[in-house]
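Chemist: Provided below: upload.cif, containing mmCIF, C-alpha atoms and all ligand atoms.
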data_entry
#
loop_
_atom_site.label_atom_id
_atom_site.label_comp_id
_atom_site.auth_asym_id
_atom_site.auth_seq_id
_atom_site.Cartn_x
_atom_site.Cartn_y
_atom_site.Cartn_z
CA MET A 972 133.14 32.93 -41.37
CA VAL A 973 136.05 34.23 -43.37
CA ARG A 974 133.82 34.86 -46.33
CA TYR A 975 131.12 36.86 -44.60
CA ASP A 976 133.55 39.09 -42.71
CA ARG A 977 134.97 39.89 -46.12
CA ARG A 978 131.47 40.63 -47.42
CA ALA A 979 130.78 43.01 -44.51
CA LEU A 980 134.13 44.74 -45.02
CA LEU A 981 133.59 45.18 -48.75
CA GLN A 982 130.10 46.53 -48.22
CA PHE A 983 131.41 48.97 -45.62
CA LEU A 984 134.12 50.13 -48.02
CA ALA A 985 131.55 50.54 -50.76
CA THR A 986 129.73 53.17 -48.71
CA SER A 987 132.96 55.06 -47.97
CA PRO A 988 133.65 57.59 -50.74
CA ALA A 989 137.36 57.80 -49.92
CA LEU A 990 137.96 54.07 -50.21
CA ALA A 991 135.34 53.23 -52.76
CA ALA A 992 137.46 53.96 -55.80
CA CYS A 993 139.81 51.11 -54.85
CA LEU A 994 137.09 48.50 -55.19
CA PRO A 995 136.63 46.38 -58.29
CA PHE A 996 132.91 47.16 -58.70
CA SER A 997 130.93 48.60 -61.59
CA LYS A 998 133.33 47.47 -64.29
CA SER A 999 130.56 47.20 -66.85
CA SER A 1000 129.29 50.71 -66.15
CA GLY A 1001 132.72 52.25 -66.51
CA ALA A 1002 131.85 54.28 -63.41
CA GLU A 1003 134.52 55.19 -60.89
CA ARG A 1004 132.27 54.63 -57.90
CA PRO A 1005 131.06 51.23 -56.68
CA LEU A 1006 127.39 50.66 -56.02
CA ALA A 1007 126.47 51.70 -52.49
CA SER A 1008 122.96 50.32 -52.81
CA PRO A 1009 121.01 48.06 -55.18
CA ALA A 1010 118.92 51.03 -56.30
CA ASP A 1011 122.06 52.44 -57.97
CA ALA A 1012 122.32 49.49 -60.35
CA LEU A 1013 121.47 50.55 -63.89
CA ASP A 1014 121.29 47.01 -65.26
CA VAL A 1015 121.77 43.46 -64.04
CA PHE A 1016 125.43 43.48 -65.12
CA GLU A 1017 126.31 46.08 -62.50
CA LEU A 1018 124.98 43.72 -59.85
CA LYS A 1019 127.06 40.96 -61.43
CA ASP A 1020 130.21 43.06 -60.91
CA VAL A 1021 129.38 43.66 -57.27
CA ALA A 1022 128.65 39.98 -56.68
CA GLN A 1023 131.89 38.93 -58.33
CA GLY A 1024 133.77 41.09 -55.85
CA LEU A 1025 132.05 39.41 -52.90
CA VAL A 1026 131.54 35.76 -53.86
CA PRO A 1027 134.57 33.46 -53.43
CA PRO A 1028 136.16 32.26 -56.70
CA ALA A 1029 135.02 28.63 -56.39
CA HIS A 1030 131.42 29.69 -55.80
CA TRP A 1031 131.67 32.18 -58.65
CA GLY A 1032 132.89 29.39 -60.93
CA TYR A 1033 129.96 27.21 -59.86
CA LEU A 1034 127.56 30.00 -60.80
CA GLN A 1035 129.09 31.11 -64.08
CA SER A 1036 130.14 27.78 -65.51
CA GLY A 1037 128.65 26.13 -68.56
CA VAL A 1038 129.99 22.79 -69.80
CA ASP A 1039 133.06 21.97 -71.92
CA GLY A 1040 134.02 25.27 -73.59
CA ASP A 1041 130.78 27.08 -72.55
CA ALA A 1042 129.55 27.22 -76.18
CA THR A 1043 125.90 26.55 -75.31
CA LEU A 1044 126.02 29.12 -72.54
CA HIS A 1045 127.24 31.72 -75.06
CA ALA A 1046 124.72 30.58 -77.68
CA ASN A 1047 121.92 31.18 -75.17
CA LEU A 1048 123.04 34.79 -74.80
CA ALA A 1049 123.76 35.49 -78.47
CA ALA A 1050 120.44 34.12 -79.77
CA TYR A 1051 118.48 37.20 -78.73
CA SER A 1052 120.31 39.38 -81.25
CA ARG A 1053 118.72 37.39 -84.11
CA TYR A 1054 115.45 39.21 -83.41
CA GLU A 1055 114.55 42.90 -83.54
CA LEU A 1056 111.63 44.60 -81.88
CA ARG A 1057 108.95 46.07 -84.12
CA PRO A 1058 107.98 49.50 -82.77
CA ARG A 1059 104.40 50.72 -83.33
CA ARG A 1060 102.97 54.24 -83.05
CA PHE A 1061 99.76 55.91 -81.87
CA VAL A 1062 98.73 53.15 -79.53
CA ASP A 1063 97.41 54.38 -76.16
CA VAL A 1064 100.06 52.92 -73.83
CA SER A 1065 99.16 54.95 -70.76
CA HIS A 1066 98.33 51.64 -69.04
CA VAL A 1067 100.69 48.74 -69.61
CA ASP A 1068 100.11 45.56 -67.62
CA LEU A 1069 102.93 43.03 -67.08
CA ALA A 1070 100.72 40.56 -65.22
CA THR A 1071 100.22 37.10 -66.60
CA SER A 1072 98.83 33.84 -65.34
CA VAL A 1073 100.08 30.28 -65.45
CA PHE A 1074 97.77 27.44 -64.41
CA GLY A 1075 95.20 30.07 -63.51
CA VAL A 1076 97.49 31.75 -60.96
CA ARG A 1077 98.12 35.45 -61.48
CA LEU A 1078 101.78 36.52 -61.54
CA ALA A 1079 102.77 40.19 -61.35
CA SER A 1080 105.37 39.65 -64.08
CA PRO A 1081 106.11 37.00 -66.72
CA VAL A 1082 109.69 36.79 -65.35
CA PHE A 1083 110.28 33.99 -62.86
CA PHE A 1084 113.19 32.74 -60.73
CA CYS A 1085 114.63 29.42 -61.95
CA PRO A 1086 115.84 26.73 -59.57
CA ILE A 1087 119.48 27.13 -58.56
CA GLY A 1088 121.06 24.64 -56.18
CA ALA A 1089 122.86 25.69 -52.97
CA LEU A 1090 122.00 29.40 -53.03
CA ARG A 1091 123.79 29.84 -49.72
CA ALA A 1092 126.97 29.74 -51.77
CA PHE A 1093 126.19 33.33 -52.78
CA HIS A 1094 124.65 34.79 -49.64
CA PRO A 1095 124.07 33.42 -46.14
CA GLU A 1096 120.29 33.85 -46.48
CA GLY A 1097 120.20 31.92 -49.80
CA GLU A 1098 116.76 30.66 -50.81
CA ILE A 1099 115.08 32.47 -47.92
CA ALA A 1100 116.24 35.85 -49.25
CA VAL A 1101 115.10 34.88 -52.75
CA ALA A 1102 111.70 33.82 -51.38
CA ARG A 1103 111.27 37.15 -49.58
CA ALA A 1104 112.22 39.03 -52.74
CA ALA A 1105 109.82 36.91 -54.81
CA ARG A 1106 107.08 37.62 -52.31
CA ALA A 1107 107.75 41.38 -52.31
CA HIS A 1108 107.78 41.47 -56.10
CA GLY A 1109 105.01 38.94 -56.83
CA THR A 1110 107.44 36.69 -58.72
CA LEU A 1111 107.13 32.95 -59.21
CA GLN A 1112 110.02 31.07 -57.59
CA ILE A 1113 111.06 27.51 -58.41
CA VAL A 1114 113.17 26.00 -55.68
CA SER A 1115 115.87 23.42 -56.43
CA THR A 1116 115.94 19.89 -54.97
CA GLN A 1117 119.43 20.91 -53.88
CA MET A 1118 118.17 23.83 -51.80
CA SER A 1119 120.21 24.93 -48.81
CA TYR A 1120 117.26 25.56 -46.45
CA ALA A 1121 114.26 23.40 -45.57
CA ILE A 1122 111.48 23.71 -48.11
CA GLU A 1123 108.96 24.43 -45.34
CA ASP A 1124 110.95 27.51 -44.29
CA ILE A 1125 111.28 28.71 -47.88
CA ALA A 1126 107.54 28.20 -48.45
CA ALA A 1127 106.80 30.24 -45.31
CA ALA A 1128 109.05 33.06 -46.54
CA ARG A 1129 107.50 33.03 -50.04
CA ALA A 1130 103.91 32.62 -48.77
CA GLY A 1131 102.63 32.16 -52.33
CA ALA A 1132 103.80 31.00 -55.72
CA LEU A 1133 106.55 28.46 -54.99
CA TRP A 1134 107.12 25.50 -57.27
CA TYR A 1135 109.39 22.54 -56.58
CA GLN A 1136 112.13 21.41 -58.97
CA LEU A 1137 112.67 17.67 -58.82
CA TYR A 1138 115.73 15.64 -59.68
CA THR A 1139 114.38 12.21 -60.54
CA THR A 1140 116.92 10.22 -58.49
CA ASP A 1141 117.56 6.61 -59.48
CA ARG A 1142 115.26 5.12 -56.83
CA PHE A 1143 111.55 5.86 -57.04
CA GLU A 1144 110.88 5.43 -53.31
CA ALA A 1145 113.26 8.32 -52.63
CA THR A 1146 111.66 10.35 -55.42
CA ARG A 1147 108.22 9.73 -53.95
CA LYS A 1148 109.36 11.06 -50.56
CA LEU A 1149 110.80 14.23 -52.12
CA VAL A 1150 107.58 14.85 -54.00
CA LYS A 1151 105.33 14.17 -51.01
CA ARG A 1152 107.31 16.59 -48.91
CA ALA A 1153 107.13 19.35 -51.54
CA GLN A 1154 103.40 18.76 -51.88
CA ALA A 1155 102.92 18.92 -48.11
CA ALA A 1156 104.88 22.18 -48.05
CA GLY A 1157 102.21 23.64 -50.35
CA CYS A 1158 103.88 23.59 -53.79
CA PRO A 1159 101.18 23.32 -56.48
CA VAL A 1160 103.61 22.36 -59.26
CA VAL A 1161 106.62 20.06 -59.57
CA ALA A 1162 109.09 20.79 -62.37
CA VAL A 1163 111.03 17.63 -63.14
CA THR A 1164 114.44 18.34 -64.66
CA VAL A 1165 115.34 15.88 -67.40
CA ASP A 1166 118.38 17.42 -69.08
CA LEU A 1167 121.06 15.78 -66.91
CA PRO A 1168 120.66 12.02 -67.27
CA ALA A 1169 124.28 11.18 -66.47
CA GLY A 1170 126.99 13.65 -65.61
CA ARG A 1171 128.51 16.71 -67.23
CA ASN A 1172 131.83 18.47 -67.61
CA THR A 1173 131.71 21.84 -65.84
CA GLU A 1174 135.18 22.91 -66.90
CA THR A 1175 134.97 26.60 -65.98
CA ALA A 1176 133.86 25.70 -62.47
CA ALA A 1177 136.74 23.26 -62.09
CA ARG A 1178 139.22 25.87 -63.31
CA LEU A 1179 138.05 28.50 -60.82
CA ARG A 1180 138.10 25.96 -58.00
CA ARG A 1181 141.85 25.67 -58.54
CA ALA A 1182 142.18 29.35 -57.72
CA ASP A 1183 140.29 29.03 -54.43
CA THR A 1184 141.99 27.60 -51.40
CA ARG A 1185 139.19 28.42 -48.95
CA ASP A 1186 137.56 25.83 -46.75
CA CYS A 1187 133.98 25.49 -47.97
CA SER A 1188 132.86 24.19 -44.60
CA ALA A 1189 133.01 27.80 -43.39
CA CYS A 1190 130.01 28.78 -45.51
CA HIS A 1191 127.46 26.76 -47.50
CA MET A 1192 128.76 23.27 -46.84
CA VAL A 1193 127.56 23.07 -43.25
CA ASP A 1194 124.43 21.65 -41.71
CA ALA A 1195 122.32 23.24 -38.97
CA HIS A 1196 124.84 21.98 -36.40
CA GLY A 1197 127.82 23.47 -38.14
CA ASN A 1198 128.96 20.10 -39.48
CA PRO A 1199 130.37 20.00 -43.00
CA ARG A 1200 127.92 18.79 -45.64
CA LEU A 1201 129.61 16.07 -47.59
CA SER A 1202 126.79 14.15 -49.24
CA LEU A 1203 123.13 14.14 -50.21
CA ALA A 1204 122.42 12.77 -46.73
CA SER A 1205 123.11 16.14 -45.20
CA GLU A 1206 121.12 18.23 -47.70
CA PRO A 1207 117.83 19.54 -46.26
CA MET A 1208 115.61 17.85 -48.84
CA PHE A 1209 117.11 14.42 -48.14
CA GLN A 1210 116.50 14.31 -44.41
CA GLY A 1211 114.65 11.09 -43.57
CA ILE A 1212 115.57 9.51 -46.92
CA ASP A 1213 117.94 6.57 -47.24
CA THR A 1214 120.64 8.12 -49.42
CA ARG A 1215 123.04 5.18 -49.41
CA GLY A 1216 124.10 4.68 -53.04
CA LEU A 1217 121.41 7.13 -54.19
CA ARG A 1218 122.05 9.21 -57.31
CA LEU A 1219 120.29 12.46 -58.11
CA THR A 1220 119.49 11.46 -61.67
CA SER A 1221 119.19 8.24 -63.64
CA PRO A 1222 120.36 7.40 -67.17
CA SER A 1223 117.67 4.72 -67.61
CA LEU A 1224 114.52 6.83 -67.34
CA THR A 1225 111.95 6.77 -70.14
CA TRP A 1226 108.65 8.58 -70.73
CA ASP A 1227 106.85 6.12 -68.38
CA PHE A 1228 108.40 8.10 -65.55
CA ILE A 1229 105.96 10.97 -66.13
CA LYS A 1230 102.90 8.78 -65.54
CA ARG A 1231 104.53 7.29 -62.48
CA LEU A 1232 105.25 10.73 -61.12
CA LYS A 1233 101.73 11.95 -61.87
CA ASP A 1234 100.32 8.94 -60.02
CA ALA A 1235 102.47 9.81 -56.99
CA THR A 1236 101.30 13.39 -56.56
CA THR A 1237 98.40 15.79 -56.88
CA MET A 1238 100.80 18.54 -57.96
CA LYS A 1239 100.83 19.55 -61.60
CA VAL A 1240 103.81 17.94 -63.35
CA ILE A 1241 105.85 20.02 -65.76
CA ILE A 1242 109.02 18.92 -67.55
CA LYS A 1243 112.10 21.15 -67.43
CA GLY A 1244 114.64 20.66 -70.19
CA ILE A 1245 112.62 20.07 -73.37
CA GLU A 1246 114.37 21.33 -76.53
CA SER A 1247 112.71 19.69 -79.57
CA GLN A 1248 109.33 19.58 -81.27
CA GLU A 1249 109.13 15.76 -80.98
CA ASP A 1250 109.78 15.79 -77.25
CA ALA A 1251 107.25 18.60 -76.76
CA ALA A 1252 104.59 16.50 -78.50
CA LEU A 1253 105.61 13.42 -76.50
CA ALA A 1254 105.43 15.42 -73.27
CA VAL A 1255 101.79 16.30 -74.01
CA GLU A 1256 101.05 12.70 -75.03
CA HIS A 1257 102.45 11.41 -71.75
CA GLY A 1258 100.35 13.73 -69.66
CA ALA A 1259 102.71 16.59 -68.77
CA ASP A 1260 100.82 19.66 -67.59
CA GLY A 1261 103.45 22.05 -68.94
CA LEU A 1262 107.09 22.29 -69.86
CA ILE A 1263 110.11 24.53 -69.67
CA VAL A 1264 112.32 24.97 -72.71
CA SER A 1265 115.70 24.87 -71.03
CA ASN A 1266 119.25 23.60 -71.44
CA HIS A 1267 120.07 24.18 -67.76
CA GLY A 1268 121.65 27.52 -68.60
CA GLY A 1269 124.17 25.80 -70.88
CA ARG A 1270 125.14 23.42 -68.06
CA ALA A 1271 123.89 20.11 -69.48
CA THR A 1272 124.60 18.93 -73.05
CA GLU A 1273 127.09 21.07 -74.97
CA SER A 1274 124.67 21.20 -77.93
CA GLY A 1275 125.70 24.66 -79.05
CA ARG A 1276 121.99 25.38 -79.51
CA ALA A 1277 120.30 28.25 -77.71
CA THR A 1278 116.99 27.75 -75.94
CA LEU A 1279 115.57 30.73 -77.83
CA GLU A 1280 116.35 28.84 -81.07
CA SER A 1281 114.51 25.76 -79.77
CA LEU A 1282 111.50 27.70 -78.49
CA PRO A 1283 109.49 28.04 -81.75
CA ALA A 1284 109.78 24.30 -82.51
CA VAL A 1285 108.72 23.38 -78.98
CA VAL A 1286 105.77 25.78 -79.17
CA ARG A 1287 104.72 24.03 -82.43
CA GLY A 1288 104.98 20.64 -80.72
CA VAL A 1289 102.82 21.77 -77.83
CA ALA A 1290 100.27 23.35 -80.18
CA GLY A 1291 98.60 25.39 -77.45
CA ARG A 1292 97.67 22.33 -75.36
CA ILE A 1293 99.90 23.07 -72.36
CA PRO A 1294 101.97 26.12 -71.36
CA ALA A 1295 105.58 26.29 -72.58
CA LEU A 1296 107.81 28.35 -70.30
CA MET A 1297 111.44 29.02 -71.21
CA ASP A 1298 114.76 30.07 -69.69
CA GLY A 1299 118.36 30.65 -70.76
CA GLY A 1300 120.44 33.76 -71.35
CA VAL A 1301 117.77 36.30 -70.38
CA ARG A 1302 119.57 39.45 -69.26
CA ARG A 1303 117.33 42.29 -70.52
CA GLY A 1304 113.63 43.11 -70.61
CA THR A 1305 113.90 43.04 -74.40
CA ASP A 1306 115.05 39.40 -74.14
CA VAL A 1307 111.91 38.63 -72.13
CA TYR A 1308 109.84 40.43 -74.78
CA LYS A 1309 111.38 38.35 -77.61
CA ALA A 1310 110.77 35.06 -75.77
CA LEU A 1311 107.15 36.03 -75.12
CA ALA A 1312 106.76 36.97 -78.80
CA LEU A 1313 108.01 33.50 -79.77
CA GLY A 1314 105.33 31.89 -77.63
CA ALA A 1315 106.76 31.47 -74.11
CA SER A 1316 104.10 31.59 -71.37
CA ALA A 1317 106.64 32.88 -68.84
CA VAL A 1318 110.38 33.52 -68.93
CA GLY A 1319 112.90 32.35 -66.35
CA ILE A 1320 116.14 33.85 -65.11
CA GLY A 1321 118.89 31.98 -63.28
CA ARG A 1322 122.26 33.69 -62.95
CA PRO A 1323 120.94 37.29 -62.91
CA TYR A 1324 118.99 36.88 -59.68
CA ALA A 1325 121.92 34.98 -58.14
CA TRP A 1326 124.08 38.05 -58.97
CA GLY A 1327 121.58 40.24 -57.15
CA LEU A 1328 121.63 37.82 -54.22
CA GLY A 1329 125.42 37.72 -54.07
CA ALA A 1330 125.62 41.51 -54.26
CA PHE A 1331 122.96 42.65 -51.80
CA GLY A 1332 120.91 39.65 -50.58
CA GLN A 1333 117.12 40.05 -50.78
CA ALA A 1334 117.34 43.69 -51.90
CA GLY A 1335 119.64 42.73 -54.78
CA VAL A 1336 117.25 40.03 -55.98
CA GLU A 1337 114.37 42.51 -55.83
CA ARG A 1338 116.40 45.01 -57.83
CA VAL A 1339 117.04 42.44 -60.57
CA ALA A 1340 113.31 41.71 -60.87
CA GLN A 1341 112.60 45.44 -60.90
CA ILE A 1342 115.20 46.24 -63.61
CA LEU A 1343 113.91 43.52 -65.92
CA ASP A 1344 110.30 44.62 -65.42
CA VAL A 1345 111.17 48.26 -66.14
CA GLU A 1346 113.02 47.26 -69.31
CA LEU A 1347 110.18 44.97 -70.39
CA ARG A 1348 107.62 47.72 -69.78
CA LEU A 1349 109.62 50.15 -71.93
CA ALA A 1350 109.80 47.59 -74.73
CA MET A 1351 106.03 47.09 -74.50
CA VAL A 1352 105.41 50.84 -74.56
CA GLY A 1353 107.63 51.30 -77.61
CA CYS A 1354 105.97 48.46 -79.47
CA GLY A 1355 102.39 49.29 -78.53
CA ALA A 1356 101.77 46.14 -76.48
CA ARG A 1357 99.52 46.99 -73.53
CA SER A 1358 99.52 43.52 -72.03
CA VAL A 1359 101.61 40.36 -72.21
CA ARG A 1360 98.82 38.84 -74.33
CA GLU A 1361 99.35 41.54 -76.96
CA ILE A 1362 102.98 40.44 -77.51
CA SER A 1363 102.86 38.11 -80.50
CA ALA A 1364 104.96 36.86 -83.41
CA ALA A 1365 104.08 40.14 -85.17
CA SER A 1366 105.86 42.05 -82.36
CA ILE A 1367 109.35 41.10 -83.57
CA ILE A 1368 111.32 40.74 -86.79
CA ASP A 1369 113.40 37.62 -87.41
CA ARG A 1370 116.71 38.39 -89.12
CA GLY A 1371 117.20 34.69 -89.64
CA PRO A 1372 120.03 32.43 -88.49
CA GLY A 1373 123.59 33.73 -88.65
CA ASP A 1374 126.05 35.75 -86.66
CA HIS A 1375 124.23 38.79 -85.29
CA ALA A 1376 126.35 39.45 -82.25
C1 LIG A 1401 124.55 27.75 -60.40
C2 LIG A 1401 123.37 27.13 -61.06
C3 LIG A 1401 122.73 26.06 -60.43
C4 LIG A 1401 121.60 25.49 -61.03
N1 LIG A 1401 120.94 24.50 -60.36
C5 LIG A 1401 119.84 23.95 -60.93
C6 LIG A 1401 119.10 22.95 -60.24
O1 LIG A 1401 119.40 22.60 -59.11
N2 LIG A 1401 118.04 22.40 -60.88
C7 LIG A 1401 117.64 22.80 -62.15
O2 LIG A 1401 116.67 22.27 -62.69
N3 LIG A 1401 118.32 23.77 -62.80
C8 LIG A 1401 119.39 24.35 -62.22
N4 LIG A 1401 120.04 25.35 -62.88
C9 LIG A 1401 119.54 25.83 -64.19
C10 LIG A 1401 118.55 26.97 -64.00
O3 LIG A 1401 117.36 26.51 -63.40
C11 LIG A 1401 118.18 27.64 -65.33
O4 LIG A 1401 117.75 26.66 -66.23
C12 LIG A 1401 119.32 28.45 -65.95
O5 LIG A 1401 120.10 29.06 -64.95
C13 LIG A 1401 118.77 29.53 -66.87
O6 LIG A 1401 119.81 30.17 -67.57
P1 LIG A 1401 120.48 31.57 -67.11
O7 LIG A 1401 121.33 31.29 -65.93
O8 LIG A 1401 121.26 31.95 -68.32
O9 LIG A 1401 119.36 32.55 -66.82
C14 LIG A 1401 121.16 25.96 -62.29
C15 LIG A 1401 121.79 27.03 -62.91
C16 LIG A 1401 122.89 27.62 -62.30
C17 LIG A 1401 123.54 28.80 -62.98
#
Here is a file; write its structure as structure tokens.
Modeler:
Amino acid sequence: MVRYDRRALLQFLATSPALAACLPFSKSSGAERPLASPADALDVFELKDVAQGLVPPAHWGYLQSGVDGDATLHANLAAYSRYELRPRRFVDVSHVDLATSVFGVRLASPVFFCPIGALRAFHPEGEIAVARAARAHGTLQIVSTQMSYAIEDIAAARAGALWYQLYTTDRFEATRKLVKRAQAAGCPVVAVTVDLPAGRNTETAARLRRADTRDCSACHMVDAHGNPRLSLASEPMFQGIDTRGLRLTSPSLTWDFIKRLKDATTMKVIIKGIESQEDAALAVEHGADGLIVSNHGGRATESGRATLESLPAVVRGVAGRIPALMDGGVRRGTDVYKALALGASAVGIGRPYAWGLGAFGQAGVERVAQILDVELRLAMVGCGARSVREISAASIIDRGPGDHA
């Protein structure tokens, strides 16, 4: 309760001109005034500032953290500066269409919402608010196994393109139940995350937790009865599953798992967390219907390698046989444009929509999607690309590896 009273107070202050100047908002804009509404946000970073002022430090650390020294997280961001856009002139760009389709389903934009666990940590409406925003904007949403609301409720709020992100667990009977439930809730696609076989070192999160003395049971760590959530057993997706000794992931999985998963569901199976040409080719060989080039937003292996750097090799490995989506470090429409030019079928965002959520709930998430689409449209106009299909390798210039920051 403490946290949401604070949220209400800060939002009230934000609309009061006399008090507004005292608030720590809009740092990145350099503006004196905080944002009174999501429509005022000029870019996703302004929503980040607002969210940081509202979200408790431990939750903020959970959101922002990479692993070890956050090198991969920073690499994800920096990689976009290796490429330049290639403007073209005298192309009739009076009609520019951002729509795309994946598995034959039309999406209003190539930008999608990646799975993020426990979204109630950033706003009381969590995944439900994101689903409503995705519905309003026509955005694909992938919901995490570690969601904070029941998948059936999220599916009802999205009423459309909702995919399920699966953690494999280390016991297939539990995995089967998760998958069956997601399928019954109407998800057409399961994205199985494979980049976290056994643990990680989220140092930034741990550091920020030290600075936060709040009792988490007052916000996201409670079940429907107000009881603290202490284990998988109390997470919505694990209701009715024997969670004794169960782990979310397993270090012993091999490629056979994909066939096993495919045999257990009618959903399309895509693999999230592919980063090399060999694994892309193996994914196709083992029957994957698609994949996502991802390093978990720099939260898995501290490889130091950006997903944008891995994308061309993965696209070569796939060789047009299945769609290759990507995520990691996307903060501008021009980033989306560059990823599309390098062969991504769709481009995911994680932290940016969580900033929108933390700042203004559903309206903040919608604003993030809107900002990125506006920026992408402007890039397309400037480069003479009238549709997502017209964005190709010839749409960008590669300055080659090196420090371009
Ligand atoms: C706080 C947080 C929680 C996440 N939880 C999950 C998850 O439950 N499952 C998953 O596959 N990926 C998870 N991810 C990774 C995202 O799906 C995505 O790959 C990543 O956020 C993209 O990078 P970006 O944040 O730079 O846009 C999480 C990311 C963050 C920041």
Chemist: Quick one: contact table of chain A to ligand LIG 1401 (chain A), 6 Å max, nearest atom pair and distance in Å to one decimal per residue, counting only C-alpha atoms and all ligand atoms, chain and number order, as JSON lines?
Modeler:
{"residue": "A:Tyr1033", "atom": "CA", "partner": "A:LIG1401", "partner_atom": "C1", "distance": 5.5}
{"residue": "A:Leu1034", "atom": "CA", "partner": "A:LIG1401", "partner_atom": "C1", "distance": 3.8}
{"residue": "A:Cys1085", "atom": "CA", "partner": "A:LIG1401", "partner_atom": "O3", "distance": 4.2}
{"residue": "A:Pro1086", "atom": "CA", "partner": "A:LIG1401", "partner_atom": "O3", "distance": 4.1}
{"residue": "A:Ile1087", "atom": "CA", "partner": "A:LIG1401", "partner_atom": "N1", "distance": 3.5}
{"residue": "A:Gly1088", "atom": "CA", "partner": "A:LIG1401", "partner_atom": "O1", "distance": 3.9}
{"residue": "A:Ser1115", "atom": "CA", "partner": "A:LIG1401", "partner_atom": "O1", "distance": 4.5}
{"residue": "A:Gln1117", "atom": "CA", "partner": "A:LIG1401", "partner_atom": "O1", "distance": 5.5}
{"residue": "A:Gln1136", "atom": "CA", "partner": "A:LIG1401", "partner_atom": "O2", "distance": 5.9}
{"residue": "A:Thr1164", "atom": "CA", "partner": "A:LIG1401", "partner_atom": "O2", "distance": 4.9}
{"residue": "A:Ser1265", "atom": "CA", "partner": "A:LIG1401", "partner_atom": "O4", "distance": 5.5}
{"residue": "A:His1267", "atom": "CA", "partner": "A:LIG1401", "partner_atom": "O4", "distance": 3.7}
{"residue": "A:Gly1268", "atom": "CA", "partner": "A:LIG1401", "partner_atom": "O6", "distance": 3.4}
{"residue": "A:Asp1298", "atom": "CA", "partner": "A:LIG1401", "partner_atom": "C13", "distance": 4.9}
{"residue": "A:Gly1299", "atom": "CA", "partner": "A:LIG1401", "partner_atom": "O6", "distance": 3.5}
{"residue": "A:Gly1300", "atom": "CA", "partner": "A:LIG1401", "partner_atom": "O8", "distance": 3.6}
{"residue": "A:Val1301", "atom": "CA", "partner": "A:LIG1401", "partner_atom": "O9", "distance": 5.4}
{"residue": "A:Ile1320", "atom": "CA", "partner": "A:LIG1401", "partner_atom": "O9", "distance": 3.9}
{"residue": "A:Gly1321", "atom": "CA", "partner": "A:LIG1401", "partner_atom": "O5", "distance": 3.6}
{"residue": "A:Arg1322", "atom": "CA", "partner": "A:LIG1401", "partner_atom": "O7", "distance": 3.9}
Chemist: So how many Å separate CA of Gly1371 in chain A and CA of Gly1319 in chain A, to one decimal?
Modeler: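 Computed distance, CA of Gly1371 in chain A to CA of Gly1319 in chain A, equals 23.8 Å.
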Chemist: Excluding range 1161-1163 of chain A and residues on its chain fewer than 5 positions from it, collect all residues at most 7 Å away from it, counting all atoms listed in the file, and give them as an mmCIF file with C-alpha atoms, in the frame of the given file.
Modeler:
data_model
loop_
_atom_site.group_PDB
_atom_site.id
_atom_site.type_symbol
_atom_site.label_atom_id
_atom_site.label_comp_id
_atom_site.auth_asym_id
_atom_site.auth_seq_id
_atom_site.Cartn_x
_atom_site.Cartn_y
_atom_site.Cartn_z
ATOM 1 C CA TRP A 1134 107.120 25.500 -57.270
ATOM 2 C CA TYR A 1135 109.390 22.540 -56.580
ATOM 3 C CA GLN A 1136 112.130 21.410 -58.970
ATOM 4 C CA LEU A 1137 112.670 17.670 -58.820
ATOM 5 C CA TYR A 1138 115.730 15.640 -59.680
ATOM 6 C CA THR A 1139 114.380 12.210 -60.540
ATOM 7 C CA MET A 1238 100.800 18.540 -57.960
ATOM 8 C CA LYS A 1239 100.830 19.550 -61.600
ATOM 9 C CA VAL A 1240 103.810 17.940 -63.350
ATOM 10 C CA ILE A 1241 105.850 20.020 -65.760
ATOM 11 C CA ILE A 1242 109.020 18.920 -67.550
ATOM 12 C CA LYS A 1243 112.100 21.150 -67.430
#
Chemist: Determine, counting all atoms listed in the file, which protein, DNA and RNA residues have an atom within 9 Å of an atom of Ala1177 in chain A; residues of the same chain fewer than 6 positions away are not included. Present the result as a VMD selection string.
Modeler: chain A and resid 1029 1032 to 1033 1036
Chemist: May I have the selected residues written with C-alpha atoms, as a short mmCIF file (atom, residue, chain, number, x, y, z; two decimals), in the coordinates of the input?
Modeler:
data_model
loop_
_atom_site.label_atom_id
_atom_site.label_comp_id
_atom_site.auth_asym_id
_atom_site.auth_seq_id
_atom_site.Cartn_x
_atom_site.Cartn_y
_atom_site.Cartn_z
CA ALA A 1029 135.02 28.63 -56.39
CA GLY A 1032 132.89 29.39 -60.93
CA TYR A 1033 129.96 27.21 -59.86
CA SER A 1036 130.14 27.78 -65.51
#
Chemist: Could you check the closest approach to Ala1364 in chain A for each of A:Gly1024, A:Pro1159, A:Gly1211, A:Pro1283 and tell me which residue wins, using only C-alpha atoms?
Modeler: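 Ranked by minimum distance to Ala1364 in chain A, first place goes to A:Pro1283.
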Chemist: Which residue gives the smallest distance to Val1165 in chain A among A:Gln1210, A:Thr1272, A:Thr1110, A:Thr1237, with only C-alpha atoms counted?
Modeler: A:Thr1272
Chemist: Which is closer to Gly1040 in chain A than all the others in A:Glu1273, A:Ala1105, A:Asp1124, A:Ile1099, using all atoms listed in the file?
Modeler: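 Using all atoms listed in the file, Gly1040 in chain A sits closest to A:Glu1273.
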Chemist: Using only C-alpha atoms, can you tell me which of A:Ser1119, A:Gln1154, A:Ser1065, A:Thr1140 comes closest to Ser1205 in chain A?
Modeler: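 Closest candidate: A:Ser1119.
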Chemist: My list of candidates is A:Ile1263, A:Ile1125, A:Ala1340, A:Val1064. Which is closest to Leu1090 in chain A when distances are computed with all atoms listed in the file?
Modeler: A:Ile1125
